[in-house]
Structures are given as C-alpha cells and as structure tokens.
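S.K.: Just so it is clear, I am handing over my_file.cif, which has mmCIF, C-alpha atoms and all ligand atoms.
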data_entry
#
loop_
_atom_site.label_atom_id
_atom_site.label_comp_id
_atom_site.auth_asym_id
_atom_site.auth_seq_id
_atom_site.Cartn_x
_atom_site.Cartn_y
_atom_site.Cartn_z
CA MET A 224 167.36 90.53 180.46
CA GLY A 225 164.64 91.17 177.92
CA ALA A 226 167.00 93.14 175.71
CA SER A 227 166.50 90.77 172.80
CA ILE A 228 162.89 91.65 171.89
CA LYS A 229 161.95 95.31 171.53
CA LYS A 230 158.91 95.29 169.24
CA ALA A 231 155.44 93.90 169.83
CA VAL A 232 152.52 93.56 167.43
CA PHE A 233 148.91 93.79 168.65
CA PRO A 234 146.29 92.72 166.09
CA VAL A 235 143.19 94.75 167.00
CA ALA A 236 141.18 94.70 163.78
CA GLY A 237 138.65 91.99 164.78
CA LEU A 238 134.93 92.79 164.74
CA GLY A 239 133.97 91.45 168.17
CA THR A 240 130.64 90.00 167.02
CA ARG A 241 130.45 87.80 170.13
CA PHE A 242 129.97 90.92 172.28
CA LEU A 243 127.25 92.69 170.32
CA PRO A 244 125.61 95.06 171.10
CA ALA A 245 128.48 96.24 173.40
CA THR A 246 130.83 96.32 170.41
CA LYS A 247 128.46 97.98 167.94
CA ALA A 248 130.19 101.37 168.18
CA MET A 249 133.15 100.47 170.41
CA PRO A 250 136.09 98.15 169.64
CA LYS A 251 136.07 94.91 171.65
CA GLU A 252 139.61 95.70 172.80
CA MET A 253 138.17 98.67 174.75
CA LEU A 254 135.86 96.49 176.88
CA THR A 255 136.79 97.04 180.50
CA VAL A 256 138.37 94.59 182.91
CA VAL A 257 138.00 96.28 186.33
CA ASP A 258 139.04 99.83 185.40
CA ARG A 259 141.16 99.53 182.29
CA PRO A 260 140.48 98.39 178.75
CA VAL A 261 141.54 94.86 177.81
CA ILE A 262 144.15 96.27 175.37
CA GLN A 263 145.73 98.33 178.16
CA TRP A 264 146.35 95.20 180.26
CA VAL A 265 148.09 93.54 177.32
CA VAL A 266 150.20 96.62 176.49
CA ASP A 267 151.22 96.80 180.16
CA GLU A 268 152.29 93.13 180.04
CA ALA A 269 154.46 93.95 177.02
CA ARG A 270 155.95 97.07 178.58
CA GLU A 271 156.84 95.13 181.76
CA ALA A 272 158.63 92.61 179.54
CA GLY A 273 160.86 95.37 178.12
CA ILE A 274 159.01 96.12 174.86
CA GLU A 275 159.77 99.60 173.52
CA HIS A 276 157.78 99.77 170.27
CA PHE A 277 154.06 98.95 170.26
CA ILE A 278 152.63 98.20 166.80
CA PHE A 279 148.85 98.08 166.47
CA VAL A 280 147.17 96.56 163.42
CA THR A 281 143.80 98.28 163.45
CA GLY A 282 140.79 98.49 161.15
CA ARG A 283 137.89 100.82 160.47
CA ASN A 284 136.09 102.08 163.61
CA LYS A 285 139.09 101.45 165.86
CA GLY A 286 140.26 105.08 166.17
CA VAL A 287 139.46 105.18 169.88
CA ILE A 288 142.33 102.73 170.53
CA GLU A 289 144.76 105.27 169.05
CA ASP A 290 143.18 108.00 171.19
CA HIS A 291 143.52 105.83 174.29
CA PHE A 292 147.31 105.71 173.87
CA ASP A 293 147.59 109.46 173.28
CA LYS A 294 147.59 112.44 175.65
CA GLN A 295 144.19 113.98 176.45
CA PHE A 296 145.16 117.60 177.09
CA GLU A 297 141.74 118.89 178.16
CA LEU A 298 141.14 116.04 180.57
CA GLU A 299 144.64 116.35 182.03
CA GLN A 300 144.27 120.12 182.48
CA THR A 301 140.88 119.66 184.18
CA LEU A 302 142.33 117.06 186.57
CA ARG A 303 145.23 119.41 187.34
CA ASP A 304 142.86 122.36 187.94
CA ARG A 305 140.79 120.25 190.34
CA GLY A 306 143.82 118.92 192.21
CA LYS A 307 143.08 115.31 191.18
CA LEU A 308 146.74 114.43 191.07
CA SER A 309 146.52 110.69 191.68
CA GLU A 310 144.14 110.29 188.70
CA LEU A 311 146.54 112.39 186.62
CA ALA A 312 149.44 110.17 187.70
CA VAL A 313 147.51 107.06 186.53
CA LEU A 314 147.08 108.59 183.05
CA GLU A 315 150.73 109.58 182.86
CA ALA A 316 152.03 106.19 184.02
CA ASP A 317 150.00 104.38 181.34
CA LEU A 318 151.11 106.52 178.41
CA PRO A 319 153.74 105.13 176.03
CA ALA A 320 156.48 107.68 175.28
CA ALA A 321 156.32 109.78 172.12
CA GLY A 322 157.22 107.68 169.09
CA GLN A 323 156.77 104.34 170.85
CA THR A 324 153.46 103.50 169.14
CA SER A 325 152.68 102.82 165.48
CA PHE A 326 149.32 102.12 163.88
CA THR A 327 148.68 100.43 160.57
CA ARG A 328 145.43 99.19 159.09
CA GLN A 329 144.35 95.78 157.94
CA GLN A 330 142.15 96.92 155.07
CA GLN A 331 140.23 93.66 154.67
CA PRO A 332 139.39 91.00 157.29
CA LEU A 333 141.42 88.19 155.69
CA GLY A 334 142.54 86.52 158.94
CA LEU A 335 145.02 86.79 161.79
CA GLY A 336 147.97 85.79 159.59
CA HIS A 337 147.13 88.60 157.18
CA ALA A 338 146.81 91.09 160.08
CA VAL A 339 150.32 90.18 161.29
CA TRP A 340 151.68 90.44 157.72
CA CYS A 341 150.35 94.04 157.60
CA ALA A 342 152.95 94.90 160.31
CA ARG A 343 155.95 93.63 158.29
CA GLU A 344 157.45 97.04 157.44
CA LEU A 345 157.09 98.26 161.02
CA VAL A 346 158.72 95.13 162.46
CA SER A 347 161.56 95.61 159.95
CA GLY A 348 163.55 92.40 160.01
CA GLN A 349 163.93 91.62 163.71
CA PRO A 350 162.44 89.01 166.05
CA PHE A 351 159.23 90.37 167.59
CA ALA A 352 156.50 89.57 170.06
CA LEU A 353 152.89 89.02 168.98
CA LEU A 354 150.16 89.43 171.61
CA LEU A 355 146.49 88.66 170.96
CA PRO A 356 144.53 91.06 173.14
CA ASP A 357 141.67 88.61 173.76
CA MET A 358 143.88 86.69 176.15
CA LEU A 359 144.72 88.04 179.59
CA VAL A 360 147.09 86.34 182.03
CA GLU A 361 146.77 87.01 185.73
CA GLY A 362 149.43 86.19 188.35
CA GLY A 363 152.93 84.87 187.72
CA ALA A 364 155.90 86.88 186.55
CA GLY A 365 154.25 88.18 183.35
CA CYS A 366 153.69 85.79 180.46
CA LEU A 367 155.68 87.70 177.82
CA LYS A 368 158.51 88.34 180.28
CA GLN A 369 158.81 84.59 180.89
CA MET A 370 158.79 83.99 177.13
CA ILE A 371 161.56 86.53 176.49
CA GLU A 372 163.67 84.81 179.17
CA ALA A 373 163.08 81.50 177.36
CA HIS A 374 163.99 83.15 174.04
CA ASP A 375 167.23 84.54 175.53
CA ARG A 376 168.11 80.92 176.46
CA LEU A 377 166.83 79.02 173.44
CA GLY A 378 166.56 81.47 170.52
CA GLY A 379 164.23 80.62 167.63
CA ASN A 380 160.48 80.92 168.00
CA ILE A 381 158.59 80.64 171.30
CA ILE A 382 154.86 80.13 171.79
CA ALA A 383 152.89 80.15 175.04
CA LEU A 384 150.82 77.01 175.63
CA ALA A 385 147.82 76.35 177.85
CA GLU A 386 145.72 73.22 178.36
CA VAL A 387 142.14 73.19 177.10
CA PRO A 388 139.41 70.60 177.65
CA PRO A 389 139.89 68.01 174.84
CA GLN A 390 136.43 68.79 173.39
CA ASP A 391 137.45 72.45 172.79
CA THR A 392 140.43 71.91 170.43
CA GLY A 393 138.36 73.08 167.42
CA ALA A 394 138.43 76.68 168.73
CA TYR A 395 142.24 77.06 168.89
CA GLY A 396 145.61 76.35 167.34
CA ILE A 397 146.89 73.09 168.83
CA VAL A 398 150.48 71.81 169.06
CA GLU A 399 152.22 68.47 169.24
CA VAL A 400 155.11 68.48 171.69
CA GLY A 401 158.30 66.45 172.06
CA GLU A 402 161.02 66.63 174.72
CA ALA A 403 160.41 68.84 177.76
CA SER A 404 163.19 70.74 179.50
CA GLY A 405 162.12 72.67 182.60
CA ASN A 406 159.08 74.71 181.62
CA THR A 407 159.70 74.51 177.86
CA PHE A 408 158.88 71.85 175.27
CA GLU A 409 160.18 71.26 171.81
CA ILE A 410 157.30 71.66 169.36
CA THR A 411 157.02 68.92 166.76
CA GLY A 412 153.87 70.04 164.95
CA MET A 413 150.97 72.49 164.97
CA VAL A 414 147.54 72.72 163.40
CA GLU A 415 144.79 75.34 163.44
CA LYS A 416 141.40 74.43 164.92
CA PRO A 417 141.56 70.61 164.67
CA ALA A 418 138.47 68.57 165.60
CA PRO A 419 139.01 66.69 168.91
CA ASP A 420 139.40 63.30 167.17
CA VAL A 421 142.36 64.50 165.07
CA ALA A 422 143.94 66.98 167.51
CA PRO A 423 147.57 66.05 168.32
CA SER A 424 147.11 67.11 172.00
CA ASN A 425 145.01 69.43 174.14
CA LEU A 426 147.74 72.10 174.32
CA MET A 427 146.50 75.28 172.70
CA ILE A 428 148.45 78.14 171.22
CA MET A 429 147.44 80.68 173.82
CA GLY A 430 147.97 84.02 172.05
CA ARG A 431 151.52 85.08 172.95
CA TYR A 432 154.29 84.44 170.44
CA ILE A 433 157.93 85.37 169.85
CA LEU A 434 158.56 85.00 166.13
CA GLN A 435 161.54 85.36 163.84
CA PRO A 436 161.10 87.81 160.94
CA GLU A 437 161.25 84.95 158.37
CA ILE A 438 157.58 84.34 159.28
CA PHE A 439 156.67 87.22 156.92
CA GLY A 440 157.99 85.31 153.90
CA HIS A 441 155.57 82.51 154.71
CA LEU A 442 152.66 84.87 155.38
CA GLU A 443 153.20 86.54 152.01
CA THR A 444 152.65 83.41 149.95
CA GLN A 445 150.04 81.89 152.14
CA GLU A 446 146.80 80.23 151.11
CA LYS A 447 143.61 80.45 153.13
CA GLY A 448 143.35 77.83 155.86
CA ALA A 449 140.86 77.01 158.65
CA SER A 450 137.63 79.12 158.51
CA GLY A 451 138.69 80.37 155.02
CA GLU A 452 141.21 82.76 156.63
CA ILE A 453 144.96 83.33 156.33
CA GLN A 454 146.20 81.73 159.55
CA ILE A 455 149.33 82.55 161.52
CA THR A 456 149.46 78.88 162.62
CA ASP A 457 149.82 77.70 158.99
CA ALA A 458 152.71 80.14 158.42
CA MET A 459 154.35 78.92 161.65
CA ALA A 460 153.95 75.30 160.51
CA ALA A 461 155.79 76.24 157.28
CA LEU A 462 158.52 78.10 159.20
CA HIS A 463 158.87 75.10 161.51
CA LYS A 464 160.43 73.20 158.58
CA GLU A 465 163.37 75.66 158.75
CA GLN A 466 163.54 76.87 162.36
CA LYS A 467 163.00 75.62 165.91
CA PHE A 468 159.84 76.32 167.89
CA HIS A 469 159.54 75.88 171.64
CA GLY A 470 156.39 75.97 173.72
CA ILE A 471 156.39 77.41 177.22
CA ASN A 472 154.26 76.35 180.13
CA TYR A 473 154.17 79.81 181.75
CA GLU A 474 153.15 80.73 185.29
CA GLY A 475 149.81 82.51 185.61
CA ARG A 476 146.14 81.90 184.92
CA THR A 477 144.73 82.59 181.46
CA TYR A 478 141.36 84.18 180.65
CA ASP A 479 139.93 84.14 177.12
CA CYS A 480 138.23 87.54 177.04
CA GLY A 481 136.93 86.84 173.54
CA ASP A 482 134.39 84.61 175.28
CA LYS A 483 131.71 85.93 177.64
CA ILE A 484 132.43 83.53 180.50
CA GLY A 485 136.18 84.12 180.19
CA PHE A 486 135.65 87.89 180.13
CA LEU A 487 133.38 87.87 183.19
CA SER A 488 135.78 85.55 185.05
CA ALA A 489 138.69 87.88 184.22
CA ASN A 490 136.80 90.79 185.76
CA VAL A 491 136.29 88.82 188.98
CA ALA A 492 139.86 87.50 189.13
CA PHE A 493 141.55 90.84 188.34
CA ALA A 494 139.35 92.67 190.87
CA LEU A 495 140.15 90.12 193.58
CA ASN A 496 143.83 90.64 192.83
CA ARG A 497 143.58 94.39 193.61
CA PRO A 498 144.43 95.23 197.23
CA ASP A 499 142.18 98.33 197.11
CA LEU A 500 139.13 96.30 195.97
CA ARG A 501 139.64 92.77 197.21
CA ASP A 502 137.86 92.71 200.59
CA ALA A 503 134.90 94.89 199.67
CA PHE A 504 134.42 93.09 196.35
CA MET A 505 134.61 89.67 198.02
CA ARG A 506 131.79 90.70 200.39
CA ALA A 507 129.72 92.11 197.52
CA LEU A 508 130.29 88.96 195.47
CA ASP A 509 129.22 86.74 198.37
CA GLU A 510 125.96 88.69 198.60
CA VAL A 511 125.30 88.40 194.87
CA LEU A 512 126.01 84.66 194.88
CA LYS A 513 123.87 84.10 197.95
CA SER A 514 120.87 85.80 196.39
CA ALA A 515 121.40 84.06 193.03
CA ARG A 516 121.47 80.53 194.45
C1 LIG B 1 143.67 82.65 167.19
C2 LIG B 1 144.76 81.74 166.64
C3 LIG B 1 144.77 80.41 167.38
C4 LIG B 1 144.91 80.66 168.86
C5 LIG B 1 143.80 81.61 169.36
C6 LIG B 1 144.02 81.99 170.82
O1 LIG B 1 142.40 82.11 166.87
O2 LIG B 1 144.53 81.52 165.24
O3 LIG B 1 145.81 79.60 166.92
O4 LIG B 1 144.83 79.43 169.58
O5 LIG B 1 143.79 82.82 168.59
O6 LIG B 1 142.95 82.78 171.23
P1 LIG B 1 141.05 83.01 166.91
O7 LIG B 1 140.72 83.20 168.36
O8 LIG B 1 141.39 84.29 166.21
O9 LIG B 1 140.02 82.20 166.20
#
Mind turning the file's structure into structure tokens?

M.R.:
Amino acid sequence: MGASIKKAVFPVAGLGTRFLPATKAMPKEMLTVVDRPVIQWVVDEAREAGIEHFIFVTGRNKGVIEDHFDKQFELEQTLRDRGKLSELAVLEADLPAAGQTSFTRQQQPLGLGHAVWCARELVSGQPFALLLPDMLVEGGAGCLKQMIEAHDRLGGNIIALAEVPPQDTGAYGIVEVGEASGNTFEITGMVEKPAPDVAPSNLMIMGRYILQPEIFGHLETQEKGASGEIQITDAMAALHKEQKFHGINYEGRTYDCGDKIGFLSANVAFALNRPDLRDAFMRALDEVLKSAR
C-alpha cells in the first residue's frame, strides 16, 4: 500500500502577507501549531503516507525551512551533553534521511501553477503528490494516505475535497462532481475562485493532490488566470480533457492555516488532540473563555 506515489511537492514560496508582522522575517510555513511548524505537520502527513522524496519550492527569505529539515549539530551535542535524550529523540524522529529532500526556487511570484512547474525536473516523469502547507488535517487516517489508497484503486488524478460555505467559493478552486462511489466522486469540471452565483458547487479543492506528470505540459504553456496568476486549477482543467480526475471526501477535519481564525482553531484542535496537553489545556481554555465572556 502506498507504493505508487513516492514524491511530494511542497510549494513554500508564498509571502504570508495575511500574517504580518509575524511573517516579516520568518516564513509563514514556520508559524507554530502547538510545538511544531506548520510545514512539519504537512511533511509528517506525507511521510506517514509513504512519501520518500520531499521537494520544496522555496523563494527568497525561506532558508530557515531548509535548516529546519537539516541536522543541527551544536544543538544535538548540547542536548546529549545535558542528558536531554527525549528532546534529542524528537529531533531525530522528525529528520528526513540524507538525500530525501530537494529544494528549488520559484524566482518570481507568478502563481501556484508556476511554483509547481518549477519542480518538474525533480519530479521527473512520475505521478506525484502536491501538498499546500496552509492546510492541516486533524484526525482520520491521514488525508494523503487515504488519497494514495484511492489512487491505487482508481489511477489517474485525485484531489481532496471539502465543503465550504457557499458565500466563500471565491477564495478557492471549486469542482463540479458526477457519480459517487464510496468516498470518491468523478470530477466533471473545475474552476478557480468562482463567485458564488457561478460556482458549480460548494466543494473546494482543499490543497492535497495526486497528479500525473502530464500536468507539467499544461503548466508550461499556461496563461495567467484568476488573480492574474498561473493557476494549478487551470492546468488541471486542461488535463481533465485527457485524463480522469476523482475527488475524495476524506476523513478528518480541515484547518485553513492561511487564515487567522483557521490557524488559531488549528492550534486549539491539535493541542486538544495531544494526550500530554489535553486535560490541562482544556482547563486553561475554560478559564480564558470564562473571563472573555
Ligand atoms: C490555492 C488553490 C485553490 C485551492 C486553495 C486551497 O489557492 O489555487 O484551488 O482551493 O489553494 O487553499 P490560494 O489559497 O493559493 O489562493
């Protein structure tokens, strides 16, 4: 299981303007949910799904992400000297093996589609996973793992879907779905950021994809789309004329950490899910809510 998809792309070049001033000198992907950066949660999801090669599309001022996935000799030696072995074990467990990470730069902010296209040589002609680090999924069997299982069954391209309030369709890629079979749907159309009155549904493209390498041919020739950017959704719509796409209604709750409320909610939900924090945090939260009301 999971043997079919070995590479995952993480576009991490975005500016994070919605979180200024926190993101003035620090990438938004390094914002913390409980005690690990957002990007670490997403890399862990990919690793648990069987991914073996982690490809990051970075930009200027993102060097700390590369450092985060490297060894920190001085820190490790200090922890060893002080007998802090459980902290050391946490660092070691999180570290991808040598050669499992690659970093390439998106030189200009031309859009998500362009960022993915920058990874074409590293993906090198095989189906791959694409994970947008803004989105965290809590609970369930792991979103990407469920998608790889669906891909093993169905082949083609798989995208994770989540419902949004109908008035919010203009913030996301939205799909039109046909026949359902279990937790998957055939996708019959997709459009980036449609206004609510023209949106084909309220099912958004959540930020996890399994794509066939032919997507790169469509990204190469692509015109600018919604928001004047090269959009992955437009390239998928073009590929959809040649290949099948299925949507998956995965288990788990989704948090949009690119949005302040989503990010704060993720911190609460992920902390409550931690056996070592749950009870004490619940009591602390009760106190905060009581005094805020
Ligand atoms: C991107 C995708 C969009 C998707 C969204 C999920 O949009 O283009 O299709 O629904 O991520 O977060 P962005 O958030 O970059 O505007």

S.K.: So that each row is one residue of chain A with an atom at most 10 Å from ligand LIG 1 (chain B), can you give its shortest atom pair and the distance in Å to one decimal, using only C-alpha atoms and all ligand atoms, rows by chain and rising number, as a tab-separated table?

M.R.:
residue	atom	partner	partner_atom	distance
A:Pro234	CA	B:LIG1	O8	9.8
A:Gly237	CA	B:LIG1	O8	8.3
A:Gly334	CA	B:LIG1	O8	7.7
A:Leu335	CA	B:LIG1	O8	6.2
A:Gly336	CA	B:LIG1	O2	7.9
A:Leu354	CA	B:LIG1	O5	9.7
A:Leu355	CA	B:LIG1	O5	6.9
A:Pro356	CA	B:LIG1	O6	8.6
A:Asp357	CA	B:LIG1	O6	6.5
A:Met358	CA	B:LIG1	O6	6.4
A:Ala383	CA	B:LIG1	O4	9.8
A:Leu384	CA	B:LIG1	O4	8.9
A:Ala385	CA	B:LIG1	O4	9.3
A:Thr392	CA	B:LIG1	O4	8.8
A:Gly393	CA	B:LIG1	O4	9.3
A:Ala394	CA	B:LIG1	O9	6.3
A:Tyr395	CA	B:LIG1	O4	3.6
A:Gly396	CA	B:LIG1	O3	3.3
A:Ile397	CA	B:LIG1	O4	6.7
A:Val398	CA	B:LIG1	O3	9.3
A:Met413	CA	B:LIG1	O3	9.0
A:Val414	CA	B:LIG1	O3	7.9
A:Glu415	CA	B:LIG1	O3	5.6
A:Lys416	CA	B:LIG1	O3	7.1
A:Leu426	CA	B:LIG1	O4	9.2
A:Met427	CA	B:LIG1	O4	5.5
A:Ile428	CA	B:LIG1	O4	4.2
A:Met429	CA	B:LIG1	C6	4.7
A:Gly430	CA	B:LIG1	C6	4.6
A:Arg431	CA	B:LIG1	C6	8.4
A:Ala449	CA	B:LIG1	O2	8.8
A:Ser450	CA	B:LIG1	O9	8.6
A:Glu452	CA	B:LIG1	O2	9.3
A:Ile453	CA	B:LIG1	O2	9.1
A:Gln454	CA	B:LIG1	O2	5.9
A:Ile455	CA	B:LIG1	O2	6.2
A:Thr456	CA	B:LIG1	O3	5.7
A:Asp457	CA	B:LIG1	O2	9.0
A:Tyr478	CA	B:LIG1	O6	9.7
A:Asp479	CA	B:LIG1	O6	6.8
A:Cys480	CA	B:LIG1	O6	8.9
A:Gly481	CA	B:LIG1	O7	7.4
A:Asp482	CA	B:LIG1	O7	9.5

S.K.: Go ahead and compute the interatomic distance for atom CA of A:Gly379 and atom CA of A:Thr407, in Å to one decimal.

M.R.: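 Answer for the atom CA of A:Gly379 to atom CA of A:Thr407 separation: 12.7 Å.
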
S.K.: Please build the interface table for stretch 303-379 of chain A against stretch 493-512 of chain A with a cut-off of 12 Å, listing for each qualifying residue the nearest atom pair and the distance in Å to one decimal; count all atoms listed in the file, order rows by chain and increasing number, and write it as CSV.

M.R.:
residue,atom,partner,partner_atom,distance
A:Leu359,CA,A:Phe493,CA,9.7
A:Val360,CA,A:Phe493,CA,9.5
A:Glu361,CA,A:Phe493,CA,7.0
A:Gly362,CA,A:Asn496,CA,8.4
A:Gly363,CA,A:Asn496,CA,11.9

S.K.: Neighbouring residues of A:Arg343 were defined as those with any atom within 10 Å, considering only C-alpha atoms; residues of the same chain fewer than 6 positions away were excluded. Please report them as an MDAnalysis selection string.

M.R.: chainID A and resid 232 349 436 438:440 442:443

S.K.: Using only C-alpha atoms for the distances, tell me which of A:Arg376, A:Arg270, A:Arg328, A:Lys247 is nearest to A:Arg283.

M.R.: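 Selected residue with least distance to A:Arg283: A:Arg328.
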
S.K.: Listed atoms of stretch 411-414 of chain A, axis-aligned box, 3 Å per side: centre and edge lengths to one decimal in Å, as JSON?

M.R.:
{"center_x": 152.3, "center_y": 70.8, "center_z": 165.1, "size_x": 15.5, "size_y": 9.8, "size_z": 9.4}
